[in-house]
file query_0.cif (mmCIF, C-alpha atoms)
data_data
#
loop_
_atom_site.label_atom_id
_atom_site.label_comp_id
_atom_site.auth_asym_id
_atom_site.auth_seq_id
_atom_site.Cartn_x
_atom_site.Cartn_y
_atom_site.Cartn_z
CA MET A 16 -44.16 -6.80 18.19
CA SER A 17 -41.84 -5.92 21.03
CA SER A 18 -40.33 -2.54 21.59
CA THR A 19 -36.65 -2.02 21.02
CA SER A 20 -33.64 -0.39 22.62
CA LEU A 21 -30.44 1.47 21.90
CA PRO A 22 -26.88 0.21 22.30
CA GLY A 23 -25.47 0.56 25.77
CA THR A 24 -28.61 -0.41 27.63
CA THR A 25 -28.71 -3.01 30.35
CA GLU A 26 -32.46 -3.36 30.43
CA SER A 27 -34.24 -6.69 30.52
CA ASP A 28 -36.48 -7.75 27.67
CA PRO A 29 -38.47 -4.76 26.40
CA VAL A 30 -42.15 -4.43 27.14
CA ALA A 31 -44.40 -5.70 24.35
CA LEU A 32 -47.12 -3.32 23.25
CA PRO A 33 -50.44 -4.56 21.88
CA LEU A 34 -50.46 -2.34 18.83
CA GLY A 35 -46.79 -2.78 18.01
CA GLU A 36 -44.00 -0.23 18.05
CA LEU A 37 -43.08 2.52 15.63
CA HIS A 38 -40.42 3.98 17.88
CA GLU A 39 -37.36 2.20 19.20
CA MET A 40 -36.87 2.15 22.95
CA VAL A 41 -34.19 4.61 23.98
CA SER A 42 -32.97 3.87 27.47
CA GLY A 43 -29.26 4.27 27.79
CA GLY A 44 -26.59 4.52 25.15
CA VAL A 45 -25.12 7.43 27.10
CA HIS A 46 -22.57 7.47 29.89
CA SER A 47 -24.11 10.37 31.79
CA THR A 48 -27.77 9.78 32.49
CA PRO A 49 -30.18 12.58 33.41
CA LYS A 50 -31.07 12.99 37.07
CA LYS A 51 -34.40 13.64 38.75
CA TYR A 52 -34.92 16.72 40.88
CA GLY A 53 -37.98 16.76 43.10
CA GLY A 54 -39.14 13.54 41.49
CA LYS A 55 -39.13 15.05 38.00
CA TYR A 56 -36.80 15.20 35.02
CA THR A 57 -36.01 18.55 33.46
CA VAL A 58 -36.00 18.45 29.66
CA THR A 59 -34.85 21.13 27.23
CA LEU A 60 -37.66 21.93 24.78
CA ILE A 61 -37.07 23.69 21.46
CA PRO A 62 -40.42 23.84 19.62
CA GLY A 63 -38.83 24.80 16.31
CA ASP A 64 -40.09 26.96 13.47
CA GLY A 65 -43.35 26.80 11.53
CA ILE A 66 -45.77 24.36 13.17
CA GLY A 67 -43.37 23.76 16.06
CA GLN A 68 -45.36 25.71 18.62
CA GLU A 69 -48.52 23.77 17.76
CA THR A 70 -46.98 20.29 17.82
CA SER A 71 -44.97 20.97 20.98
CA SER A 72 -48.12 22.31 22.63
CA ALA A 73 -49.79 18.98 21.80
CA VAL A 74 -46.95 17.10 23.51
CA LYS A 75 -47.09 19.28 26.60
CA THR A 76 -50.87 18.89 26.84
CA ILE A 77 -50.64 15.10 26.57
CA PHE A 78 -47.81 14.92 29.12
CA LYS A 79 -49.86 16.98 31.56
CA ALA A 80 -52.91 14.75 31.08
CA ALA A 81 -50.77 11.64 31.61
CA THR A 82 -49.06 13.24 34.68
CA VAL A 83 -45.63 12.54 33.22
CA PRO A 84 -42.91 13.59 35.71
CA VAL A 85 -41.20 15.98 33.30
CA GLU A 86 -40.66 19.72 33.54
CA TRP A 87 -39.77 21.75 30.47
CA GLU A 88 -37.12 24.39 29.92
CA GLN A 89 -38.46 25.95 26.74
CA PHE A 90 -36.40 28.05 24.34
CA ASP A 91 -38.08 29.53 21.28
CA VAL A 92 -35.04 29.25 19.06
CA SER A 93 -35.55 30.07 15.39
CA GLY A 94 -33.43 29.05 12.43
CA TYR A 95 -34.13 32.44 10.91
CA THR A 96 -31.70 34.10 13.33
CA THR A 97 -27.90 34.05 13.33
CA ALA A 98 -25.63 31.55 15.08
CA ASP A 99 -24.67 34.06 17.79
CA ASP A 100 -28.28 34.35 18.88
CA ASN A 101 -28.43 34.50 22.67
CA THR A 102 -31.50 32.23 22.91
CA PHE A 103 -29.70 29.53 20.95
CA LYS A 104 -26.69 29.75 23.28
CA GLN A 105 -29.00 29.46 26.29
CA SER A 106 -30.67 26.39 24.79
CA LEU A 107 -27.28 24.70 24.33
CA GLU A 108 -26.37 25.43 27.95
CA SER A 109 -29.73 24.02 29.05
CA LEU A 110 -29.12 20.85 27.06
CA ARG A 111 -25.67 20.50 28.59
CA ARG A 112 -27.26 20.69 32.03
CA ASN A 113 -30.25 18.45 31.37
CA LYS A 114 -28.54 16.07 28.92
CA VAL A 115 -31.82 15.37 27.16
CA GLY A 116 -34.00 17.48 24.91
CA LEU A 117 -37.03 17.47 22.62
CA LYS A 118 -36.93 19.56 19.46
CA GLY A 119 -39.10 20.41 16.49
CA ILE A 120 -37.70 21.24 13.07
CA LEU A 121 -35.55 24.36 12.79
CA TYR A 122 -35.45 26.20 9.48
CA THR A 123 -32.19 26.25 7.55
CA PRO A 124 -32.03 28.74 4.66
CA VAL A 125 -30.62 27.85 1.25
CA SER A 126 -27.63 29.80 -0.10
CA LYS A 127 -27.42 32.28 2.73
CA LEU A 128 -23.73 33.04 3.12
CA GLY A 129 -22.46 33.11 6.68
CA HIS A 130 -25.45 31.24 8.09
CA THR A 131 -24.57 28.14 10.09
CA SER A 132 -27.23 25.52 10.70
CA PHE A 133 -28.27 25.37 14.35
CA ASN A 134 -28.99 21.68 13.86
CA VAL A 135 -25.43 20.94 12.74
CA ILE A 136 -23.95 23.07 15.56
CA MET A 137 -25.93 21.14 18.18
CA ARG A 138 -24.87 17.74 16.90
CA LYS A 139 -21.22 18.63 16.44
CA ASP A 140 -20.72 20.67 19.64
CA LEU A 141 -22.43 18.02 21.78
CA ASP A 142 -21.06 15.09 19.74
CA MET A 143 -24.48 13.54 19.14
CA TYR A 144 -22.91 11.29 16.56
CA ALA A 145 -25.73 8.85 15.77
CA SER A 146 -28.96 9.80 14.03
CA ILE A 147 -31.75 7.23 14.07
CA SER A 148 -34.70 7.24 11.69
CA LEU A 149 -37.40 4.65 12.33
CA VAL A 150 -39.56 3.82 9.36
CA LYS A 151 -42.52 1.52 9.91
CA ASN A 152 -46.14 1.20 8.85
CA ILE A 153 -48.70 2.48 11.35
CA PRO A 154 -51.81 0.31 11.72
CA GLY A 155 -54.85 2.07 10.35
CA HIS A 156 -53.03 4.14 7.76
CA THR A 157 -52.78 2.84 4.19
CA ALA A 158 -49.34 3.50 2.75
CA ARG A 159 -47.57 2.79 -0.53
CA HIS A 160 -46.08 -0.41 0.87
CA ASN A 161 -47.01 -2.86 3.62
CA GLY A 162 -44.59 -4.72 5.86
CA VAL A 163 -42.13 -1.82 6.08
CA ASP A 164 -40.02 -1.90 9.23
CA PHE A 165 -36.44 -0.64 9.10
CA ALA A 166 -34.08 1.70 10.93
CA ILE A 167 -31.69 4.14 9.26
CA ILE A 168 -28.59 4.94 11.28
CA ARG A 169 -26.33 7.67 9.97
CA GLU A 170 -23.07 9.17 11.14
CA ASN A 171 -23.91 12.68 12.28
CA THR A 172 -20.68 14.63 12.68
CA GLU A 173 -18.64 14.39 9.50
CA GLY A 174 -19.07 13.59 5.79
CA GLU A 175 -20.34 16.42 3.60
CA TYR A 176 -21.71 18.17 6.71
CA SER A 177 -18.22 18.93 8.01
CA GLY A 178 -18.63 22.53 6.88
CA LEU A 179 -15.18 22.73 5.29
CA GLU A 180 -15.53 24.53 2.00
CA HIS A 181 -13.95 27.49 0.28
CA GLN A 182 -13.79 29.28 -3.06
CA SER A 183 -10.40 28.42 -4.52
CA TYR A 184 -10.97 30.61 -7.57
CA PRO A 185 -13.88 32.83 -8.60
CA GLY A 186 -16.63 30.46 -9.68
CA VAL A 187 -14.84 27.39 -8.26
CA VAL A 188 -15.91 26.02 -4.86
CA GLU A 189 -14.19 23.12 -3.11
CA SER A 190 -16.13 21.28 -0.39
CA LEU A 191 -14.36 18.68 1.70
CA LYS A 192 -16.01 15.41 2.66
CA ILE A 193 -14.42 14.08 5.84
CA VAL A 194 -14.43 10.36 6.66
CA THR A 195 -12.36 9.04 9.56
CA ARG A 196 -11.74 5.50 10.65
CA ALA A 197 -12.40 6.33 14.31
CA LYS A 198 -15.85 7.82 13.73
CA THR A 199 -16.78 5.14 11.22
CA GLU A 200 -15.84 2.45 13.76
CA ARG A 201 -18.01 4.21 16.31
CA ILE A 202 -21.12 4.40 14.11
CA ALA A 203 -20.59 0.83 12.86
CA ARG A 204 -20.47 -0.54 16.41
CA PHE A 205 -23.55 1.51 17.26
CA ALA A 206 -25.43 0.03 14.29
CA PHE A 207 -24.43 -3.57 15.06
CA ASP A 208 -25.22 -3.19 18.77
CA PHE A 209 -28.55 -1.62 17.85
CA ALA A 210 -29.39 -4.54 15.58
CA ILE A 211 -28.50 -7.16 18.20
CA LYS A 212 -30.39 -5.48 21.04
CA ASN A 213 -33.49 -5.08 18.91
CA ASN A 214 -33.50 -8.61 17.47
CA ARG A 215 -32.82 -7.33 13.99
CA LYS A 216 -31.34 -9.80 11.53
CA LYS A 217 -29.48 -7.78 8.91
CA VAL A 218 -27.37 -4.65 8.59
CA THR A 219 -26.91 -3.03 5.18
CA ILE A 220 -23.94 -0.70 4.66
CA ILE A 221 -24.82 2.13 2.25
CA HIS A 222 -21.95 3.75 0.34
CA LYS A 223 -20.66 5.10 -2.97
CA ALA A 224 -17.27 3.39 -2.90
CA ASN A 225 -17.41 2.67 -6.61
CA ILE A 226 -16.92 6.39 -7.29
CA MET A 227 -15.44 7.93 -4.14
CA CYS A 228 -11.82 6.98 -4.88
CA VAL A 229 -8.59 8.92 -5.36
CA TRP A 230 -6.81 9.54 -8.65
CA THR A 231 -3.04 9.12 -8.56
CA GLY A 232 -2.63 11.47 -11.52
CA VAL A 233 -0.10 9.08 -13.03
CA PRO A 234 -1.03 7.68 -16.46
CA ASP A 235 -0.60 3.99 -17.06
CA ILE A 236 1.78 3.71 -20.04
CA LEU A 237 0.40 0.34 -21.14
CA THR A 238 -3.31 1.14 -21.01
CA LEU A 239 -3.03 4.91 -21.60
CA SER A 240 -5.51 5.36 -18.78
CA HIS A 241 -5.13 6.99 -15.42
CA ARG A 242 -4.74 4.67 -12.46
CA TYR A 243 -6.93 4.90 -9.43
CA HIS A 244 -5.33 4.03 -6.12
CA ARG A 245 -7.45 2.49 -3.35
CA LYS A 246 -11.01 3.43 -2.63
CA LEU A 247 -10.82 6.29 -0.15
CA GLY A 248 -13.72 8.25 1.33
CA ASP A 249 -16.65 5.89 1.04
CA GLY A 250 -14.18 3.07 0.54
CA LEU A 251 -12.84 3.70 4.04
CA PHE A 252 -16.39 3.74 5.39
CA LEU A 253 -17.24 0.42 3.73
CA ARG A 254 -13.99 -1.34 4.68
CA THR A 255 -14.20 -0.14 8.28
CA CYS A 256 -17.80 -1.27 8.71
CA ARG A 257 -16.88 -4.67 7.28
CA ALA A 258 -13.89 -4.92 9.62
CA ILE A 259 -16.04 -4.08 12.66
CA HIS A 260 -18.53 -6.75 11.61
CA GLU A 261 -15.82 -9.33 12.22
CA GLU A 262 -16.19 -8.54 15.92
CA TYR A 263 -19.89 -9.42 15.71
CA LYS A 264 -19.78 -12.62 13.68
CA HIS A 265 -20.81 -14.62 16.74
CA SER A 266 -24.14 -12.75 16.72
CA GLY A 267 -25.28 -14.30 13.46
CA LEU A 268 -26.04 -10.88 11.97
CA GLU A 269 -26.25 -10.88 8.20
CA VAL A 270 -24.32 -8.00 6.63
CA ASN A 271 -24.40 -6.76 3.07
CA ASP A 272 -23.59 -3.50 1.31
CA MET A 273 -25.34 -1.49 -1.36
CA ILE A 274 -24.40 1.50 -3.49
CA VAL A 275 -26.53 4.48 -2.45
CA ASP A 276 -28.21 5.07 -5.83
CA ASN A 277 -29.23 1.43 -6.09
CA ALA A 278 -30.33 1.49 -2.44
CA SER A 279 -32.61 4.45 -3.19
CA MET A 280 -34.29 2.53 -5.99
CA GLN A 281 -34.57 -0.60 -3.86
CA MET A 282 -36.12 1.39 -1.01
CA VAL A 283 -38.99 2.70 -3.12
CA SER A 284 -39.54 -0.60 -4.97
CA ARG A 285 -38.96 -3.26 -2.30
CA PRO A 286 -38.42 -1.66 1.13
CA GLN A 287 -39.29 -4.89 2.98
CA GLN A 288 -35.78 -6.21 2.28
CA PHE A 289 -34.23 -3.68 4.67
CA ASP A 290 -33.80 -4.09 8.41
CA VAL A 291 -31.01 -1.81 9.72
CA LEU A 292 -29.11 0.50 7.38
CA VAL A 293 -25.91 2.33 8.34
CA MET A 294 -24.47 5.10 6.21
CA PRO A 295 -22.60 8.41 6.08
CA ASN A 296 -24.31 11.69 6.86
CA LEU A 297 -25.69 13.00 3.57
CA TYR A 298 -27.00 9.64 2.35
CA GLY A 299 -28.87 9.16 5.61
CA THR A 300 -30.56 12.55 5.33
CA ILE A 301 -31.86 11.73 1.86
CA MET A 302 -32.88 8.14 2.51
CA SER A 303 -34.70 8.93 5.76
CA ASN A 304 -36.88 11.35 3.81
CA VAL A 305 -37.53 8.71 1.17
CA GLY A 306 -38.44 6.27 3.93
CA ALA A 307 -40.88 8.73 5.46
CA ALA A 308 -42.71 9.07 2.15
CA LEU A 309 -43.15 5.29 1.96
CA VAL A 310 -45.23 5.02 5.14
CA GLY A 311 -47.21 8.24 5.33
CA GLY A 312 -44.96 11.27 5.30
CA PRO A 313 -42.97 13.38 7.74
CA GLY A 314 -45.82 13.79 10.18
CA ILE A 315 -45.49 10.28 11.60
CA ILE A 316 -41.76 9.45 11.69
CA PRO A 317 -39.96 9.89 15.04
CA GLY A 318 -36.26 9.81 15.72
CA CYS A 319 -33.34 11.05 17.74
CA ASN A 320 -29.75 12.21 17.68
CA ILE A 321 -27.70 10.64 20.43
CA GLY A 322 -24.14 10.53 21.74
CA ARG A 323 -22.22 9.43 24.81
CA GLU A 324 -23.59 12.22 27.01
CA PHE A 325 -26.47 13.99 25.28
CA ALA A 326 -29.63 13.02 23.44
CA MET A 327 -32.00 15.14 21.38
CA PHE A 328 -35.31 13.65 20.28
CA GLU A 329 -36.98 15.11 17.22
CA PRO A 330 -38.98 14.22 14.11
CA VAL A 331 -36.60 12.66 11.64
CA SER A 332 -37.87 13.91 8.32
CA ARG A 333 -36.88 17.32 7.01
CA CYS A 334 -39.15 17.26 3.97
CA GLY A 335 -42.26 18.74 5.51
CA GLY A 336 -44.28 19.43 8.57
CA GLY A 337 -47.71 18.08 7.96
CA GLY A 338 -48.92 20.13 5.04
CA VAL A 339 -49.63 18.92 1.56
CA GLY A 340 -48.95 22.08 -0.37
CA GLU A 341 -45.40 22.78 0.75
CA ALA A 342 -42.91 22.61 -2.08
CA GLY A 343 -39.16 22.80 -1.93
CA GLY A 344 -38.28 26.41 -2.55
CA GLU A 345 -38.01 27.94 0.90
CA GLY A 346 -35.30 25.99 2.67
CA CYS A 347 -33.65 22.65 3.10
CA ARG A 348 -35.51 21.85 6.33
CA HIS A 349 -39.19 22.52 5.72
CA VAL A 350 -41.09 23.47 8.82
CA GLY A 351 -44.71 23.46 7.65
CA LYS A 352 -44.83 27.22 7.36
CA ASP A 353 -47.66 26.95 4.82
CA ILE A 354 -49.97 25.59 7.54
CA GLN A 355 -48.52 27.44 10.52
CA GLY A 356 -51.18 28.72 12.89
CA GLN A 357 -54.00 26.90 11.11
CA ASN A 358 -54.41 24.09 13.69
CA MET A 359 -53.97 21.40 11.04
CA ALA A 360 -50.48 20.02 11.69
CA ASN A 361 -49.98 16.35 12.48
CA PRO A 362 -48.22 16.11 15.88
CA THR A 363 -47.64 12.34 15.70
CA ALA A 364 -43.93 12.50 14.86
CA LEU A 365 -43.12 14.80 17.78
CA ILE A 366 -45.35 12.83 20.16
CA LEU A 367 -43.66 9.55 19.24
CA SER A 368 -40.26 11.23 19.49
CA SER A 369 -41.23 12.25 23.02
CA VAL A 370 -42.16 8.62 23.69
CA MET A 371 -38.65 7.61 22.66
CA MET A 372 -37.39 10.22 25.11
CA LEU A 373 -39.49 8.73 27.91
CA ARG A 374 -37.93 5.32 27.27
CA HIS A 375 -34.51 6.95 27.41
CA LEU A 376 -35.52 8.26 30.85
CA ASN A 377 -36.71 4.78 31.89
CA LEU A 378 -40.30 6.02 32.12
CA ASP A 379 -41.62 3.02 30.22
CA ASP A 380 -45.11 2.97 31.75
CA TYR A 381 -45.78 6.52 30.58
CA ALA A 382 -44.25 5.75 27.20
CA ASN A 383 -46.49 2.71 26.77
CA ARG A 384 -49.65 4.63 27.67
CA ILE A 385 -48.95 7.48 25.27
CA SER A 386 -47.77 5.34 22.35
CA ASN A 387 -50.77 3.02 22.67
CA ALA A 388 -53.07 6.04 22.77
CA VAL A 389 -51.50 7.42 19.59
CA TYR A 390 -51.92 4.11 17.76
CA LYS A 391 -55.54 3.77 18.87
CA THR A 392 -56.27 7.30 17.71
CA VAL A 393 -54.85 6.56 14.25
CA GLN A 394 -56.08 2.98 13.92
CA LEU A 395 -59.54 3.21 15.46
CA GLY A 396 -60.38 6.83 14.79
CA ARG A 397 -61.54 7.48 18.34
CA VAL A 398 -61.17 11.24 18.35
CA ILE A 399 -63.19 13.86 20.19
CA SER A 400 -64.05 16.46 17.56
CA LEU A 401 -64.88 19.99 18.62
CA THR A 402 -65.25 21.30 15.10
CA SER A 403 -67.38 18.88 13.10
CA SER A 404 -69.52 15.78 13.28
CA PRO A 405 -67.74 12.40 13.48
CA SER A 406 -66.71 10.73 10.24
CA PRO A 407 -64.75 7.57 9.38
CA PHE A 408 -61.64 9.68 8.75
CA GLN A 409 -62.10 12.21 11.54
CA HIS A 410 -58.90 10.99 13.18
CA ARG A 411 -56.76 11.84 10.15
CA THR A 412 -54.95 15.12 9.87
CA ARG A 413 -54.59 16.73 6.47
CA ASP A 414 -51.34 14.98 5.54
CA LEU A 415 -53.02 11.61 6.12
CA GLY A 416 -55.97 12.41 3.89
CA GLY A 417 -58.40 13.71 6.52
CA ASN A 418 -59.47 17.04 7.99
CA SER A 419 -58.95 16.57 11.71
CA THR A 420 -57.31 19.47 13.53
CA THR A 421 -54.24 19.33 15.72
CA THR A 422 -56.52 19.94 18.68
CA ASP A 423 -58.85 17.10 17.66
CA PHE A 424 -55.96 14.67 17.40
CA THR A 425 -54.47 15.76 20.71
CA LEU A 426 -57.79 15.33 22.51
CA GLY A 427 -58.20 11.93 20.87
CA VAL A 428 -54.85 10.79 22.25
CA ILE A 429 -55.81 12.04 25.72
CA ALA A 430 -59.15 10.22 25.52
CA ASN A 431 -57.25 7.00 24.72
CA LEU A 432 -54.73 7.26 27.54
#

call {"tool": "encode", "arguments": {"input": "query_0.cif", "output": "structure tokens"}}
result
Amino acid sequence: MSSTSLPGTTESDPVALPLGELHEMVSGGVHSTPKKYGGKYTVTLIPGDGIGQETSSAVKTIFKAATVPVEWEQFDVSGYTTADDNTFKQSLESLRRNKVGLKGILYTPVSKLGHTSFNVIMRKDLDMYASISLVKNIPGHTARHNGVDFAIIRENTEGEYSGLEHQSYPGVVESLKIVTRAKTERIARFAFDFAIKNNRKKVTIIHKANIMCVWTGVPDILTLSHRYHRKLGDGLFLRTCRAIHEEYKHSGLEVNDMIVDNASMQMVSRPQQFDVLVMPNLYGTIMSNVGAALVGGPGIIPGCNIGREFAMFEPVSRCGGGGVGEAGGEGCRHVGKDIQGQNMANPTALILSSVMMLRHLNLDDYANRISNAVYKTVQLGRVISLTSSPSPFQHRTRDLGGNSTTTDFTLGVIANL
């Protein structure tokens, strides 16, 4: 299967890889491309919380072994600190300079008043409006379904994540969901361009337009029922995406739409029907986590957040970090704290996210070498073990049913370069 690219690229046909692609090729899609200094790119690195230091160390070790022309500006930002944290401000300034970054998962606490998510601040301040989750089976790993290969594209800057909420009366909270035609047009064009450039055949619009409507408050005298006037909110999202599709009819793209609750059921029962999905912010967060569970969990799913100027590459899933015991009580972006420092995290998602970053930087040869090495390590089990004798599942980290360490996996990738 050939690799794939983001909207806005002018590259020729992507390079085919022998073991297929899990990540989409990111090379362009921005108007201000990073520049080399001294023959190297400078990339902002935010390891993240929990297992972030371990997985980012794996990436840096592999990049050094592969002699990738990248230098890191590392900032040990933590989601446990406040939004005025000086390190976080420095990391944003670094990203503005470098225009490209690699990031692990940052913790976001639940029900902590006054705490603003660093992740949301980054995306909104730098207008990284498109989030891409790439869900595909990896050869060598048995998952719940076979033949899974779809991309989830979500609008990143509005919807329920707009951060506009207040307490109108004690015990009554109003939270505003923002949907604009301009930003919906932008994400719709991104999704259709993405599908065309990557030889995808179908785009599915995910919505809740059957419920997200506005009540006029005026009773209908004849039916004694209240009238509902136009489908706003998700209705605007659906209508706008459909209108933008008219511009792409020459492409032959098939377009359908699906209510989000039905789409969730369809994803876990028959995920092979999906190709590219485009949706508002909150739905995309939920469905990308569902997608990750279908093919092996959060440890293997790469992704990115991208805009016209800036791009941040990071593991897509927020439901875990490689452990199997982590439940849902600590926060809404789990960071693998239960296995932190135990050398058992799966670094695949961050490694493949870094491969997407290399394609964005037009370093395709390095991207090919590293991605092929990752697939060989998973598929063939060729891992150098420093801790135990070889076994058929020595290449698998704990989340994939094995007992290989982060170090073992990293050395296996290097051996397969």

call {"tool": "atom_distance", "arguments": {"input": "query_0.cif", "atom1": "CA of Cys319 (chain A)", "atom2": "CA of Phe289 (chain A)"}}
result
19.7 Å

call {"tool": "closest_residue", "arguments": {"input": "query_0.cif", "among": "A:Ile120, A:Ile167, A:Met273, A:Ala81", "to": "Val350 (chain A)", "atoms": "only C-alpha atoms"}}
result
A:Ile120

call {"tool": "closest_residue", "arguments": {"input": "query_0.cif", "among": "A:Thr199, A:Ser146, A:Thr57, A:Gln68", "to": "Ile168 (chain A)", "atoms": "only C-alpha atoms"}}
result
A:Ser146

call {"tool": "closest_residue", "arguments": {"input": "query_0.cif", "among": "A:Phe133, A:His160, A:Val83, A:Ile193", "to": "Gly178 (chain A)", "atoms": "only C-alpha atoms"}}
result
A:Ile193

call {"tool": "atom_distance", "arguments": {"input": "query_0.cif", "atom1": "CA of Lys151 (chain A)", "atom2": "CA of Thr300 (chain A)"}}
result
16.9 Å

call {"tool": "decode", "arguments": {"input": "query_0.cif", "residues": "region 282-302 of chain A", "atoms": "N, CA and C atoms", "output": "PDB file, in the first residue's frame"}}
result
ATOM      1  N   MET A 282     -18.810   1.634  13.972  1.00  0.00           N
ATOM      2  CA  MET A 282     -17.350   1.547  14.042  1.00  0.00           C
ATOM      3  C   MET A 282     -16.895   0.305  14.783  1.00  0.00           C
ATOM      4  N   VAL A 283     -17.586  -0.078  15.839  1.00  0.00           N
ATOM      5  CA  VAL A 283     -17.160  -1.256  16.587  1.00  0.00           C
ATOM      6  C   VAL A 283     -17.682  -2.551  15.965  1.00  0.00           C
ATOM      7  N   SER A 284     -18.713  -2.470  15.116  1.00  0.00           N
ATOM      8  CA  SER A 284     -19.276  -3.683  14.524  1.00  0.00           C
ATOM      9  C   SER A 284     -18.777  -3.934  13.110  1.00  0.00           C
ATOM     10  N   ARG A 285     -18.625  -2.857  12.317  1.00  0.00           N
ATOM     11  CA  ARG A 285     -18.190  -3.032  10.927  1.00  0.00           C
ATOM     12  C   ARG A 285     -17.319  -1.846  10.510  1.00  0.00           C
ATOM     13  N   PRO A 286     -16.123  -1.727  11.082  1.00  0.00           N
ATOM     14  CA  PRO A 286     -15.272  -0.563  10.810  1.00  0.00           C
ATOM     15  C   PRO A 286     -14.738  -0.511   9.381  1.00  0.00           C
ATOM     16  N   GLN A 287     -14.766  -1.634   8.667  1.00  0.00           N
ATOM     17  CA  GLN A 287     -14.231  -1.673   7.301  1.00  0.00           C
ATOM     18  C   GLN A 287     -15.010  -0.776   6.348  1.00  0.00           C
ATOM     19  N   GLN A 288     -16.213  -0.361   6.707  1.00  0.00           N
ATOM     20  CA  GLN A 288     -17.021   0.483   5.828  1.00  0.00           C
ATOM     21  C   GLN A 288     -16.515   1.923   5.773  1.00  0.00           C
ATOM     22  N   PHE A 289     -15.658   2.310   6.723  1.00  0.00           N
ATOM     23  CA  PHE A 289     -15.209   3.696   6.807  1.00  0.00           C
ATOM     24  C   PHE A 289     -13.898   3.902   6.066  1.00  0.00           C
ATOM     25  N   ASP A 290     -13.749   5.110   5.531  1.00  0.00           N
ATOM     26  CA  ASP A 290     -12.550   5.479   4.782  1.00  0.00           C
ATOM     27  C   ASP A 290     -11.973   6.772   5.352  1.00  0.00           C
ATOM     28  N   VAL A 291     -12.660   7.894   5.135  1.00  0.00           N
ATOM     29  CA  VAL A 291     -12.331   9.166   5.781  1.00  0.00           C
ATOM     30  C   VAL A 291     -13.584   9.641   6.497  1.00  0.00           C
ATOM     31  N   LEU A 292     -13.443  10.059   7.746  1.00  0.00           N
ATOM     32  CA  LEU A 292     -14.559  10.598   8.504  1.00  0.00           C
ATOM     33  C   LEU A 292     -14.220  12.021   8.913  1.00  0.00           C
ATOM     34  N   VAL A 293     -15.172  12.939   8.762  1.00  0.00           N
ATOM     35  CA  VAL A 293     -14.964  14.321   9.178  1.00  0.00           C
ATOM     36  C   VAL A 293     -16.069  14.684  10.159  1.00  0.00           C
ATOM     37  N   MET A 294     -15.688  15.404  11.231  1.00  0.00           N
ATOM     38  CA  MET A 294     -16.658  15.624  12.298  1.00  0.00           C
ATOM     39  C   MET A 294     -16.240  16.790  13.184  1.00  0.00           C
ATOM     40  N   PRO A 295     -17.161  17.282  14.008  1.00  0.00           N
ATOM     41  CA  PRO A 295     -16.815  18.316  14.988  1.00  0.00           C
ATOM     42  C   PRO A 295     -15.893  17.764  16.071  1.00  0.00           C
ATOM     43  N   ASN A 296     -15.456  18.667  16.926  1.00  0.00           N
ATOM     44  CA  ASN A 296     -14.373  18.402  17.864  1.00  0.00           C
ATOM     45  C   ASN A 296     -14.632  17.238  18.823  1.00  0.00           C
ATOM     46  N   LEU A 297     -15.682  17.317  19.611  1.00  0.00           N
ATOM     47  CA  LEU A 297     -15.918  16.332  20.656  1.00  0.00           C
ATOM     48  C   LEU A 297     -16.131  14.937  20.083  1.00  0.00           C
ATOM     49  N   TYR A 298     -16.904  14.835  19.000  1.00  0.00           N
ATOM     50  CA  TYR A 298     -17.149  13.523  18.409  1.00  0.00           C
ATOM     51  C   TYR A 298     -15.839  12.876  17.946  1.00  0.00           C
ATOM     52  N   GLY A 299     -14.957  13.697  17.404  1.00  0.00           N
ATOM     53  CA  GLY A 299     -13.684  13.167  16.924  1.00  0.00           C
ATOM     54  C   GLY A 299     -12.812  12.646  18.048  1.00  0.00           C
ATOM     55  N   THR A 300     -12.830  13.332  19.189  1.00  0.00           N
ATOM     56  CA  THR A 300     -12.068  12.866  20.341  1.00  0.00           C
ATOM     57  C   THR A 300     -12.529  11.484  20.777  1.00  0.00           C
ATOM     58  N   ILE A 301     -13.833  11.304  20.848  1.00  0.00           N
ATOM     59  CA  ILE A 301     -14.391  10.024  21.304  1.00  0.00           C
ATOM     60  C   ILE A 301     -14.136   8.924  20.279  1.00  0.00           C
ATOM     61  N   MET A 302     -14.420   9.213  19.016  1.00  0.00           N
ATOM     62  CA  MET A 302     -14.336   8.162  18.008  1.00  0.00           C
ATOM     63  C   MET A 302     -12.899   7.767  17.697  1.00  0.00           C
TER      64      MET A 302
END
